[in-house]
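Data block for work19.txt (compact mmCIF, C-alpha atoms and all ligand atoms):
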# COMPACT_ATOMS: atom_id res chain seq x y z
CA MET A 1 13.98 1.83 14.29
CA LYS A 2 10.70 3.18 15.62
CA ALA A 3 9.17 6.11 13.75
CA VAL A 4 5.80 7.80 13.34
CA VAL A 5 4.89 7.02 9.74
CA LEU A 6 1.92 8.67 8.07
CA GLU A 7 0.11 5.97 6.08
CA GLU A 8 -3.04 8.07 5.83
CA TYR A 9 -4.03 11.63 6.74
CA GLY A 10 -6.53 12.73 9.36
CA SER A 11 -7.04 13.07 13.11
CA ILE A 12 -4.38 12.23 15.72
CA GLU A 13 -5.08 8.49 15.35
CA VAL A 14 -3.03 8.47 12.14
CA LEU A 15 0.11 9.19 14.21
CA GLN A 16 1.16 5.57 14.70
CA LEU A 17 4.57 4.21 15.64
CA ARG A 18 5.93 1.69 13.13
CA GLU A 19 9.10 -0.38 12.91
CA ILE A 20 11.03 0.61 9.77
CA PRO A 21 14.66 0.29 8.59
CA THR A 22 17.21 2.68 10.12
CA PRO A 23 18.50 5.09 7.43
CA GLU A 24 22.14 5.07 6.36
CA PRO A 25 24.15 8.28 6.00
CA ALA A 26 25.01 9.23 2.41
CA LYS A 27 28.10 11.21 1.42
CA LYS A 28 28.63 14.25 3.71
CA GLU A 29 25.75 13.15 5.95
CA LEU A 30 25.56 12.33 9.65
CA LEU A 31 23.52 9.54 11.17
CA ILE A 32 21.86 10.95 14.27
CA LYS A 33 20.29 9.17 17.24
CA VAL A 34 17.41 11.60 17.71
CA GLN A 35 16.90 12.46 21.37
CA ALA A 36 14.13 14.97 20.87
CA THR A 37 12.08 16.75 18.24
CA ALA A 38 9.68 19.67 18.66
CA LEU A 39 6.25 20.38 17.27
CA ASN A 40 5.46 22.87 14.54
CA ARG A 41 2.16 24.02 13.09
CA ALA A 42 3.24 22.54 9.78
CA ASP A 43 3.18 19.06 11.41
CA ILE A 44 -0.53 19.46 12.07
CA LEU A 45 -1.22 20.55 8.50
CA GLN A 46 0.89 17.62 7.25
CA ARG A 47 -1.02 15.15 9.45
CA LYS A 48 -4.29 16.43 7.98
CA GLY A 49 -2.97 16.08 4.43
CA PHE A 50 -2.72 19.80 3.63
CA TYR A 51 1.10 20.02 3.63
CA PRO A 52 2.61 16.70 2.50
CA GLY A 53 6.29 16.07 3.14
CA PRO A 54 8.85 15.65 0.37
CA PRO A 55 8.61 12.36 -1.59
CA ALA A 56 10.06 9.49 0.51
CA GLU A 57 9.49 5.77 1.02
CA TYR A 58 8.07 6.52 4.47
CA GLU A 59 6.34 9.84 5.22
CA ILE A 60 7.72 10.73 8.64
CA PRO A 61 6.83 14.22 9.98
CA GLY A 62 9.16 16.28 12.15
CA LEU A 63 11.04 19.38 11.01
CA GLU A 64 13.68 19.69 13.73
CA PHE A 65 15.77 17.53 15.99
CA SER A 66 18.43 17.37 18.66
CA GLY A 67 20.52 14.28 19.16
CA THR A 68 23.87 12.51 19.08
CA VAL A 69 26.08 11.74 16.10
CA ILE A 70 26.51 7.98 15.86
CA ALA A 71 28.06 7.60 12.39
CA ASN A 72 29.57 9.71 9.62
CA GLY A 73 28.94 9.23 5.90
CA ASP A 74 31.83 9.46 3.43
CA GLY A 75 33.59 12.83 3.68
CA ALA A 76 31.58 14.05 6.71
CA THR A 77 34.26 15.46 8.98
CA LEU A 78 32.73 18.38 10.88
CA TYR A 79 31.42 16.29 13.79
CA LYS A 80 32.56 13.08 15.45
CA GLU A 81 30.72 10.21 17.08
CA GLY A 82 29.18 11.34 20.36
CA ASP A 83 28.86 15.04 19.44
CA THR A 84 25.49 16.57 20.26
CA VAL A 85 23.87 18.46 17.41
CA MET A 86 20.54 19.97 16.35
CA GLY A 87 19.07 21.20 13.10
CA ILE A 88 16.20 21.54 10.66
CA VAL A 89 15.20 18.79 8.25
CA ALA A 90 12.53 18.63 5.56
CA GLY A 91 10.86 15.82 7.56
CA GLY A 92 11.82 12.63 9.39
CA ALA A 93 12.38 13.85 12.96
CA TYR A 94 9.53 11.82 14.54
CA ALA A 95 11.93 8.87 14.55
CA GLU A 96 14.70 7.27 16.58
CA PHE A 97 17.27 7.98 13.86
CA LEU A 98 17.64 10.37 10.95
CA THR A 99 20.30 11.47 8.49
CA VAL A 100 21.21 15.08 7.78
CA HIS A 101 23.86 16.94 5.76
CA GLU A 102 26.65 17.78 8.18
CA ARG A 103 26.46 21.49 7.32
CA GLN A 104 22.78 21.56 8.22
CA ALA A 105 23.67 20.54 11.78
CA MET A 106 24.63 22.93 14.59
CA ALA A 107 26.40 22.13 17.84
CA VAL A 108 24.05 22.11 20.84
CA PRO A 109 25.04 25.04 23.12
CA LYS A 110 26.84 23.68 26.20
CA ASN A 111 24.39 25.05 28.76
CA ILE A 112 21.22 23.88 26.98
CA PRO A 113 19.86 20.42 27.87
CA ILE A 114 19.75 18.20 24.80
CA GLN A 115 15.94 17.80 24.83
CA GLU A 116 15.38 21.55 25.15
CA ALA A 117 17.71 22.12 22.19
CA ALA A 118 15.14 20.47 19.89
CA GLY A 119 13.07 23.62 20.37
CA ILE A 120 15.71 25.85 18.83
CA PRO A 121 16.20 25.13 15.11
CA GLU A 122 12.86 25.79 13.38
CA ALA A 123 11.58 28.65 15.55
CA TRP A 124 14.90 30.44 15.99
CA LEU A 125 16.10 30.11 12.40
CA THR A 126 12.70 31.34 11.20
CA ALA A 127 12.66 34.29 13.61
CA TYR A 128 16.30 35.22 12.91
CA ASP A 129 15.84 35.06 9.14
CA ALA A 130 12.58 37.03 9.27
CA LEU A 131 13.95 39.80 11.47
CA VAL A 132 17.50 40.10 10.18
CA HIS A 133 17.51 39.03 6.52
CA ARG A 134 13.93 39.76 5.43
CA GLY A 135 12.97 42.59 7.81
CA ASN A 136 16.43 44.22 8.10
CA LEU A 137 15.49 45.31 11.63
CA GLN A 138 17.95 47.85 13.01
CA ALA A 139 18.87 49.02 16.52
CA GLY A 140 16.52 51.76 17.71
CA GLN A 141 13.70 50.70 15.38
CA THR A 142 10.30 49.38 16.45
CA CYS A 143 8.95 45.95 15.67
CA LEU A 144 5.53 44.31 16.04
CA ILE A 145 5.50 40.53 16.46
CA HIS A 146 2.10 38.86 16.07
CA ALA A 147 1.46 35.66 18.08
CA GLY A 148 4.26 36.69 20.43
CA ALA A 149 3.83 33.67 22.71
CA SER A 150 4.17 31.12 19.90
CA GLY A 151 7.35 29.12 19.37
CA VAL A 152 8.51 31.52 16.65
CA GLY A 153 7.21 34.55 18.59
CA THR A 154 9.11 33.75 21.82
CA ALA A 155 12.33 33.48 19.78
CA ALA A 156 11.59 36.60 17.73
CA ILE A 157 11.02 38.80 20.81
CA GLN A 158 14.43 37.84 22.20
CA ILE A 159 16.29 38.27 18.90
CA ALA A 160 14.67 41.66 18.23
CA LYS A 161 15.73 42.83 21.71
CA ILE A 162 19.34 41.70 21.16
CA LEU A 163 19.33 43.66 17.90
CA GLY A 164 18.50 46.74 19.95
CA ALA A 165 14.94 47.15 18.69
CA ARG A 166 11.84 48.04 20.73
CA VAL A 167 9.28 45.25 20.63
CA ALA A 168 5.48 45.09 20.72
CA THR A 169 3.53 41.84 20.44
CA THR A 170 -0.02 40.63 20.09
CA THR A 171 -1.27 37.57 21.95
CA SER A 172 -4.30 36.28 23.88
CA THR A 173 -5.02 37.32 27.49
CA LYS A 174 -3.18 34.62 29.45
CA LYS A 175 0.01 34.94 27.42
CA THR A 176 0.73 38.68 27.60
CA SER A 177 2.92 38.48 30.73
CA ILE A 178 5.26 35.92 29.11
CA CYS A 179 5.83 38.23 26.15
CA LYS A 180 6.84 41.00 28.56
CA GLU A 181 9.10 38.68 30.56
CA LEU A 182 10.90 37.80 27.35
CA GLY A 183 11.49 41.46 26.53
CA ALA A 184 8.43 42.93 24.83
CA GLU A 185 7.79 46.53 25.89
CA VAL A 186 4.14 46.21 24.95
CA ALA A 187 2.02 43.03 24.87
CA ILE A 188 -1.35 43.74 23.28
CA ASP A 189 -4.20 41.41 24.21
CA TYR A 190 -5.85 41.15 20.81
CA THR A 191 -9.01 39.67 22.32
CA LYS A 192 -9.69 42.98 24.09
CA LYS A 193 -7.83 45.69 22.20
CA ASP A 194 -7.36 46.88 18.64
CA TYR A 195 -3.66 46.56 17.91
CA VAL A 196 -3.73 49.31 15.27
CA LYS A 197 -4.83 51.86 17.90
CA GLU A 198 -2.35 50.54 20.48
CA ILE A 199 0.55 50.68 18.04
CA SER A 200 -0.41 54.17 16.95
CA GLN A 201 -0.28 55.36 20.59
CA TRP A 202 2.98 53.48 21.30
CA THR A 203 4.74 54.99 18.28
CA ASN A 204 3.28 58.52 18.47
CA SER A 205 1.30 57.80 15.29
CA ASN A 206 4.45 56.84 13.35
CA GLY A 207 3.76 53.10 13.08
CA VAL A 208 6.31 50.32 13.51
CA ASN A 209 9.29 49.76 11.22
CA VAL A 210 8.93 46.00 10.93
CA ILE A 211 6.00 43.59 11.41
CA ILE A 212 6.61 39.85 11.79
CA ASP A 213 3.21 38.38 11.01
CA LEU A 214 2.53 34.74 11.92
CA VAL A 215 -1.24 35.20 11.61
CA GLY A 216 -2.19 36.65 8.22
CA GLY A 217 -5.85 36.66 7.11
CA GLU A 218 -7.52 39.97 7.83
CA TYR A 219 -4.41 41.13 9.75
CA LEU A 220 -2.91 42.22 6.43
CA THR A 221 -5.34 45.12 6.07
CA ARG A 222 -4.58 46.28 9.62
CA ASN A 223 -0.84 45.72 9.27
CA LEU A 224 -0.85 48.30 6.46
CA GLN A 225 -2.25 50.78 8.98
CA ALA A 226 0.14 49.83 11.79
CA ILE A 227 3.33 49.97 9.72
CA ALA A 228 5.53 53.07 9.38
CA ALA A 229 6.50 54.65 6.06
CA LYS A 230 9.22 52.58 4.35
CA GLY A 231 8.43 49.72 6.74
CA THR A 232 8.60 45.98 6.04
CA ILE A 233 5.93 43.37 6.70
CA VAL A 234 7.32 39.83 6.81
CA GLN A 235 4.58 37.22 6.31
CA VAL A 236 5.75 34.10 8.14
CA GLY A 237 2.54 32.23 8.97
CA LEU A 238 -1.09 31.94 7.92
CA MET A 239 -3.01 30.89 11.01
CA GLY A 240 -5.58 33.65 10.80
CA VAL A 241 -9.05 33.87 9.46
CA GLY A 242 -10.71 36.38 7.14
CA LYS A 243 -9.86 37.52 3.67
CA PRO A 244 -6.58 39.38 3.28
CA GLU A 245 -7.25 42.64 1.50
CA ILE A 246 -4.51 44.96 0.46
CA ASP A 247 -4.91 48.69 -0.08
CA LEU A 248 -2.38 49.26 -2.85
CA GLY A 249 -2.70 53.01 -2.29
CA ILE A 250 -1.20 52.63 1.21
CA LEU A 251 1.48 50.29 -0.14
CA LEU A 252 2.55 52.93 -2.63
CA GLN A 253 2.12 55.94 -0.39
CA LYS A 254 4.12 54.45 2.48
CA ARG A 255 6.64 52.79 0.10
CA LEU A 256 6.26 49.46 1.91
CA LYS A 257 7.83 46.07 1.46
CA LEU A 258 5.63 42.95 1.86
CA ILE A 259 7.76 39.82 1.96
CA GLY A 260 6.68 36.17 2.21
CA THR A 261 9.00 33.54 3.60
CA VAL A 262 9.12 29.81 4.27
CA LEU A 263 11.91 27.49 5.41
CA ARG A 264 10.84 24.00 4.37
CA SER A 265 10.78 24.54 0.61
CA ARG A 266 14.24 26.13 0.52
CA SER A 267 17.09 24.32 -1.24
CA GLN A 268 19.64 22.45 0.83
CA GLN A 269 22.23 25.14 0.08
CA GLU A 270 19.88 27.89 1.31
CA LYS A 271 19.25 25.93 4.52
CA ILE A 272 22.98 25.43 5.01
CA ASP A 273 23.68 29.14 4.45
CA LEU A 274 21.04 30.14 7.00
CA THR A 275 22.20 27.52 9.54
CA GLU A 276 25.80 28.72 9.27
CA LYS A 277 24.90 32.40 9.63
CA PHE A 278 22.70 31.66 12.64
CA SER A 279 25.42 29.50 14.23
CA LYS A 280 27.93 32.31 13.89
CA GLU A 281 25.76 35.27 14.91
CA MET A 282 23.17 33.91 17.33
CA LEU A 283 24.21 30.55 18.80
CA PRO A 284 26.90 31.97 21.13
CA LYS A 285 24.18 34.05 22.78
CA PHE A 286 22.54 30.91 24.22
CA THR A 287 25.76 30.17 26.10
CA ASP A 288 26.07 33.79 27.24
CA CYS A 289 22.63 33.19 28.79
CA ASP A 290 20.93 35.98 26.86
CA PHE A 291 18.56 33.60 25.12
CA GLU A 292 16.01 31.27 26.65
CA VAL A 293 14.36 28.36 24.82
CA TYR A 294 10.84 28.81 26.12
CA VAL A 295 9.57 25.26 26.62
CA ASP A 296 5.83 24.78 27.06
CA THR A 297 5.56 21.03 27.75
CA THR A 298 7.39 17.79 27.05
CA TYR A 299 5.77 14.60 25.73
CA SER A 300 7.14 11.20 24.74
CA LEU A 301 6.94 10.08 21.12
CA SER A 302 4.29 7.49 22.06
CA ASN A 303 2.04 10.38 23.22
CA ILE A 304 2.58 12.53 20.15
CA GLY A 305 -1.18 12.75 19.51
CA GLU A 306 -1.77 14.55 22.81
CA ALA A 307 0.98 17.01 21.91
CA HIS A 308 -0.73 17.73 18.56
CA MET A 309 -4.02 18.35 20.38
CA ARG A 310 -2.38 20.85 22.73
CA MET A 311 -0.99 22.86 19.83
CA GLU A 312 -4.22 22.67 17.83
CA GLN A 313 -6.11 24.09 20.80
CA ASN A 314 -3.63 27.04 20.99
CA LEU A 315 -2.78 26.08 24.59
CA ASN A 316 0.99 26.16 24.25
CA ILE A 317 3.28 29.04 25.14
CA GLY A 318 6.59 28.47 23.39
CA LYS A 319 7.77 25.06 22.21
CA ILE A 320 6.28 21.60 22.72
CA ILE A 321 9.16 19.11 23.00
CA ILE A 322 8.88 15.41 22.10
CA GLU A 323 11.43 13.15 23.80
CA ILE A 324 12.63 10.10 21.90
CA PRO A 325 14.39 7.68 24.27
N1 LIG A 401 7.59 30.47 7.25
C1 LIG A 401 8.26 29.56 7.93
O1 LIG A 401 9.31 29.08 7.53
C2 LIG A 401 7.70 29.13 9.24
C3 LIG A 401 8.48 28.39 10.15
C4 LIG A 401 7.93 28.08 11.40
C5 LIG A 401 6.62 28.47 11.68
N2 LIG A 401 5.91 29.14 10.75
C6 LIG A 401 4.53 29.57 11.01
O2 LIG A 401 4.54 30.46 12.09
C7 LIG A 401 3.31 30.34 12.80
C8 LIG A 401 3.61 30.10 14.26
O3 LIG A 401 4.17 28.82 14.39
P1 LIG A 401 4.57 28.26 15.80
O4 LIG A 401 5.00 26.85 15.64
O5 LIG A 401 5.50 29.21 16.44
O6 LIG A 401 3.14 28.35 16.52
P2 LIG A 401 2.67 27.93 17.97
O7 LIG A 401 3.80 27.83 18.91
O8 LIG A 401 1.75 26.78 17.83
O9 LIG A 401 1.78 29.20 18.42
C9 LIG A 401 0.74 29.64 17.66
C10 LIG A 401 -0.07 30.67 18.47
O10 LIG A 401 -0.59 31.61 17.56
C11 LIG A 401 -1.79 32.13 18.08
N3 LIG A 401 -2.86 32.01 17.10
C12 LIG A 401 -3.31 30.90 16.51
N4 LIG A 401 -4.30 31.18 15.66
C13 LIG A 401 -4.47 32.52 15.71
C14 LIG A 401 -5.33 33.42 15.05
N5 LIG A 401 -6.24 33.00 14.19
N6 LIG A 401 -5.22 34.72 15.33
C15 LIG A 401 -4.30 35.16 16.20
N7 LIG A 401 -3.44 34.34 16.85
C16 LIG A 401 -3.53 33.03 16.61
C17 LIG A 401 -2.13 31.31 19.30
O11 LIG A 401 -1.70 32.05 20.44
P3 LIG A 401 -2.69 33.10 21.16
O12 LIG A 401 -3.24 32.37 22.33
O13 LIG A 401 -1.82 34.25 21.49
O14 LIG A 401 -3.76 33.43 20.15
C18 LIG A 401 -1.26 30.09 19.15
O15 LIG A 401 -0.93 29.45 20.38
C19 LIG A 401 2.54 29.22 12.10
O16 LIG A 401 1.66 29.78 11.17
C20 LIG A 401 3.62 28.43 11.41
O17 LIG A 401 3.13 27.72 10.30
C21 LIG A 401 6.41 29.49 9.56

Give the structure from this file in structure tokens form.
Amino acid sequence: MKAVVLEEYGSIEVLQLREIPTPEPAKKELLIKVQATALNRADILQRKGFYPGPPAEYEIPGLEFSGTVIANGDGATLYKEGDTVMGIVAGGAYAEFLTVHERQAMAVPKNIPIQEAAGIPEAWLTAYDALVHRGNLQAGQTCLIHAGASGVGTAAIQIAKILGARVATTTSTKKTSICKELGAEVAIDYTKKDYVKEISQWTNSNGVNVIIDLVGGEYLTRNLQAIAAKGTIVQVGLMGVGKPEIDLGILLQKRLKLIGTVLRSRSQQEKIDLTEKFSKEMLPKFTDCDFEVYVDTTYSLSNIGEAHMRMEQNLNIGKIIIEIP
């Protein structure tokens, strides 16, 4: 099969297609013909050598996929040949084929095109887990989502709305309108405005109940000001600059929770548990047309380098899809 194999780390030139053996499904696994994958920030860090994948004979990036089941390993009975599925993997999705535990796969919603579905697993599982399980966001509460126009952000806005929460986001100038279209009540252009002041006005000086922070860096100090008493800050990403400084006095006084989370390093059982909860609670909402996979652009696997450049330059709004014919 053809796959992008990292034989060295560095600029986009290291993303080369190689011919390598097609994997075989182990017990309880599915062999998938990958039809699309989608880009994640972690792929860029991995390419540069800052976030190596799990040990494997071939280091193939790619954390999510959509595709067709073409064979079942021993005891894998949940899907049959020809079923369309999607899911998260610890790596290996920049390839024509991959194997995955059957319980880590989810059925592609009927009304979502198969390529678009590749944009669901990583961003939507991350956003769902951050809001529901880590943040415990409740109907009627307020939520601030940083980097609202990112892949994770576009999913998080929609999930928070479905939960009945009121949503504010931060993003750069050209992306504010998308955040509002997706359901944010307030989209703060962080290049022009101080989000702490804006949030204070929006919440009548109460602060927000939950912050989903994809940025980090010096945002931590300001998040402590923007959060309400007994609020929860969920640290999901670290794209930001500046030194995070924490005022422990505010942490105590407001009785805050600061929670870090990551998907890739979770055990297989934890990934299965999350996939199954998401499938039950959120997946039907794609078919009911409540949820939109916000697709930025689509590239072919042979142009994967250009796709990396687009993400590195912060040009994307929502997900960058990579088709694998
Ligand atoms: N913990 C997990 O399991 C997990 C899973 C998935 C993703 N993540 C993390 O979540 C973050 C978002 O990922 P993604 O794939 O959704 O990203 P994405 O689609 O590439 O979007 C990222 C956006 O964030 C904004 N941004 C970048 N640097 C910034 C900075 N220094 N300050 C403020 N905004 C900045 C940019 O939008 P603007 O134009 O608005 O600035 C950029 O387009 C990443 O840090 C990623 O590693 C974590």

Within 12 Å of stretch 265-269 of chain A: each stretch 59-97 of chain A residue with its shortest pair, only C-alpha atoms, as a tab-separated table:
residue	atom	partner	partner_atom	distance
A:Leu63	CA	A:Ser265	CA	11.6
A:Ile88	CA	A:Gln268	CA	10.5
A:Val89	CA	A:Gln268	CA	9.4
A:Ala90	CA	A:Ser265	CA	7.9
A:Gly91	CA	A:Ser265	CA	11.2

Listing only residues of chain A within 7 Å of ligand LIG 401 (chain A), what is the closest atom pair and its distance in Å (to one decimal) for each, using all atoms listed in the file, sorted by chain and residue number ascending, as a Markdown table?
| residue | atom | partner | partner_atom | distance |
| --- | --- | --- | --- | --- |
| A:Leu39 | CA | A:LIG401 | O4 | 6.8 |
| A:Asn40 | CA | A:LIG401 | O4 | 4.2 |
| A:Arg41 | CA | A:LIG401 | O17 | 4.7 |
| A:Ala42 | CA | A:LIG401 | O17 | 5.2 |
| A:Glu122 | CA | A:LIG401 | C4 | 5.8 |
| A:Ala123 | CA | A:LIG401 | C4 | 5.6 |
| A:Thr126 | CA | A:LIG401 | C3 | 5.3 |
| A:Ala147 | CA | A:LIG401 | O10 | 4.6 |
| A:Gly148 | CA | A:LIG401 | O13 | 6.6 |
| A:Ala149 | CA | A:LIG401 | O13 | 5.8 |
| A:Ser150 | CA | A:LIG401 | O9 | 3.4 |
| A:Gly151 | CA | A:LIG401 | O5 | 3.5 |
| A:Val152 | CA | A:LIG401 | O5 | 3.8 |
| A:Gly153 | CA | A:LIG401 | O5 | 6.0 |
| A:Thr170 | CA | A:LIG401 | O13 | 6.8 |
| A:Thr171 | CA | A:LIG401 | O13 | 3.4 |
| A:Ser172 | CA | A:LIG401 | O13 | 4.0 |
| A:Lys175 | CA | A:LIG401 | O13 | 6.2 |
| A:Leu214 | CA | A:LIG401 | C7 | 4.6 |
| A:Val215 | CA | A:LIG401 | N6 | 5.5 |
| A:Val236 | CA | A:LIG401 | N1 | 4.2 |
| A:Gly237 | CA | A:LIG401 | O16 | 3.4 |
| A:Leu238 | CA | A:LIG401 | O16 | 4.8 |
| A:Met239 | CA | A:LIG401 | O16 | 4.8 |
| A:Gly240 | CA | A:LIG401 | N5 | 3.5 |
| A:Val241 | CA | A:LIG401 | N5 | 5.6 |
| A:Thr261 | CA | A:LIG401 | N1 | 5.0 |
| A:Val262 | CA | A:LIG401 | O1 | 3.3 |
| A:Leu263 | CA | A:LIG401 | O1 | 3.7 |
| A:Arg264 | CA | A:LIG401 | O1 | 6.2 |
| A:Met311 | CA | A:LIG401 | O8 | 5.2 |
| A:Asn314 | CA | A:LIG401 | O15 | 3.7 |
| A:Leu315 | CA | A:LIG401 | O15 | 5.7 |
| A:Asn316 | CA | A:LIG401 | O15 | 5.4 |
| A:Ile317 | CA | A:LIG401 | O7 | 6.4 |
| A:Gly318 | CA | A:LIG401 | O7 | 5.3 |
| A:Lys319 | CA | A:LIG401 | O7 | 5.9 |

Which is closest to A:Pro121 among A:Met1, A:Leu137, A:Met282, A:Leu258, if we use only C-alpha atoms?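 Comparing A:Met1, A:Leu137, A:Met282, A:Leu258 against A:Pro121, the winner is A:Met282.
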
Give me the residues near A:Glu292 as a list in words, where near means some atom within 12 Å (using only C-alpha atoms) and where sequence neighbours in that chain fewer than 4 positions away do not count.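 My reading of the contact set: Pro109, Asn111, Ile112, Pro113, Glu116, Ala117, Gly119, Ile120, Trp124, Gly151, Thr154, Ala155, Ala156, Ile157, Gln158, Ile159, Ile178, Glu181, Leu182, Gly183, Leu283, Lys285, Phe286, Thr287, Asp288, Gly318 and Lys319 of chain A.
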
Would you save the residues of that selection, restricted to C-alpha atoms, as a PDB file, keeping the file's coordinate frame?
ATOM      1  CA  PRO A 109      25.040  25.040  23.120  1.00  0.00           C
ATOM      2  CA  ASN A 111      24.390  25.050  28.760  1.00  0.00           C
ATOM      3  CA  ILE A 112      21.220  23.880  26.980  1.00  0.00           C
ATOM      4  CA  PRO A 113      19.860  20.420  27.870  1.00  0.00           C
ATOM      5  CA  GLU A 116      15.380  21.550  25.150  1.00  0.00           C
ATOM      6  CA  ALA A 117      17.710  22.120  22.190  1.00  0.00           C
ATOM      7  CA  GLY A 119      13.070  23.620  20.370  1.00  0.00           C
ATOM      8  CA  ILE A 120      15.710  25.850  18.830  1.00  0.00           C
ATOM      9  CA  TRP A 124      14.900  30.440  15.990  1.00  0.00           C
ATOM     10  CA  GLY A 151       7.350  29.120  19.370  1.00  0.00           C
ATOM     11  CA  THR A 154       9.110  33.750  21.820  1.00  0.00           C
ATOM     12  CA  ALA A 155      12.330  33.480  19.780  1.00  0.00           C
ATOM     13  CA  ALA A 156      11.590  36.600  17.730  1.00  0.00           C
ATOM     14  CA  ILE A 157      11.020  38.800  20.810  1.00  0.00           C
ATOM     15  CA  GLN A 158      14.430  37.840  22.200  1.00  0.00           C
ATOM     16  CA  ILE A 159      16.290  38.270  18.900  1.00  0.00           C
ATOM     17  CA  ILE A 178       5.260  35.920  29.110  1.00  0.00           C
ATOM     18  CA  GLU A 181       9.100  38.680  30.560  1.00  0.00           C
ATOM     19  CA  LEU A 182      10.900  37.800  27.350  1.00  0.00           C
ATOM     20  CA  GLY A 183      11.490  41.460  26.530  1.00  0.00           C
ATOM     21  CA  LEU A 283      24.210  30.550  18.800  1.00  0.00           C
ATOM     22  CA  LYS A 285      24.180  34.050  22.780  1.00  0.00           C
ATOM     23  CA  PHE A 286      22.540  30.910  24.220  1.00  0.00           C
ATOM     24  CA  THR A 287      25.760  30.170  26.100  1.00  0.00           C
ATOM     25  CA  ASP A 288      26.070  33.790  27.240  1.00  0.00           C
ATOM     26  CA  GLY A 318       6.590  28.470  23.390  1.00  0.00           C
ATOM     27  CA  LYS A 319       7.770  25.060  22.210  1.00  0.00           C
TER      28      LYS A 319
END

Point out the residue among A:Asp129, A:Glu276, A:Glu245, A:Glu323 with the least atom-to-atom distance to A:Gly87, counting only C-alpha atoms.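 Of the candidates, the smallest distance to A:Gly87 is held by A:Glu276.
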
Please check which residues have atoms at most 10 Å from (23.2, 12.5, 19.9) in the file's coordinates, counting only C-alpha atoms, and write them as a PyMOL selection string. chain A and resi 31-36+65-70+81-86+97+108+114

Taking the point (5.3, 0.8, 15.6) as given in the file, collect each protein or nucleic acid residue that comes within 9 Å of it, counting only C-alpha atoms, and present the set as a VMD selection string. chain A and resid 1 to 5 16 to 20

One decimal, in Å: what's the spacing between atom CA of A:Pro61 and atom CA of A:Glu312? 16.0 Å

May I ask which of the residues A:Leu256, A:Val14, A:Ala38, A:Leu251 is the closest one to A:Gln115, counting all atoms listed in the file? A:Ala38

Spatial neighbours of A:Cys143, max dist 6 Å, only C-alpha atoms, sep filter under 3 positions, as a PyMOL selection string: chain A and resi 167+208-211

Could you please take those selected residues and save C-alpha atoms as a PDB file, keeping the file's coordinate frame?
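To be explicit, this is the file written out as selection_11.pdb:
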ATOM      1  CA  VAL A 167       9.280  45.250  20.630  1.00  0.00           C
ATOM      2  CA  VAL A 208       6.310  50.320  13.510  1.00  0.00           C
ATOM      3  CA  ASN A 209       9.290  49.760  11.220  1.00  0.00           C
ATOM      4  CA  VAL A 210       8.930  46.000  10.930  1.00  0.00           C
ATOM      5  CA  ILE A 211       6.000  43.590  11.410  1.00  0.00           C
TER       6      ILE A 211
END

Using atom CA of A:Gly242 and atom CA of A:Ile227 as the two end points, give the distance in Å to one decimal.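 Atom CA of A:Gly242 sits 19.7 Å away from atom CA of A:Ile227.
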
Using only C-alpha atoms, which of the listed residues (A:Thr37, A:Thr203, A:Thr22, A:Thr221) sits closest to A:Pro325?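 Smallest separation from A:Pro325 among the options: A:Thr37.
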
Kindly give the distance, in Å, that separates atom CA of A:Trp202 and atom CA of A:Tyr190, rounded to a single decimal.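 One can read the atom CA of A:Trp202 to atom CA of A:Tyr190 distance as 15.2 Å.
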
Would you mind listing what lies within 12 Å of A:Leu252 as number ranges by chain, with all atoms listed in the file counted and same-chain residues fewer than 3 positions away left out? A: 224, 229-231, 246-249, 255-258

Determine the nearest neighbour of A:Tyr94 from the options A:Pro25, A:Glu59, A:Lys277, A:Gln141, counting only C-alpha atoms. A:Glu59
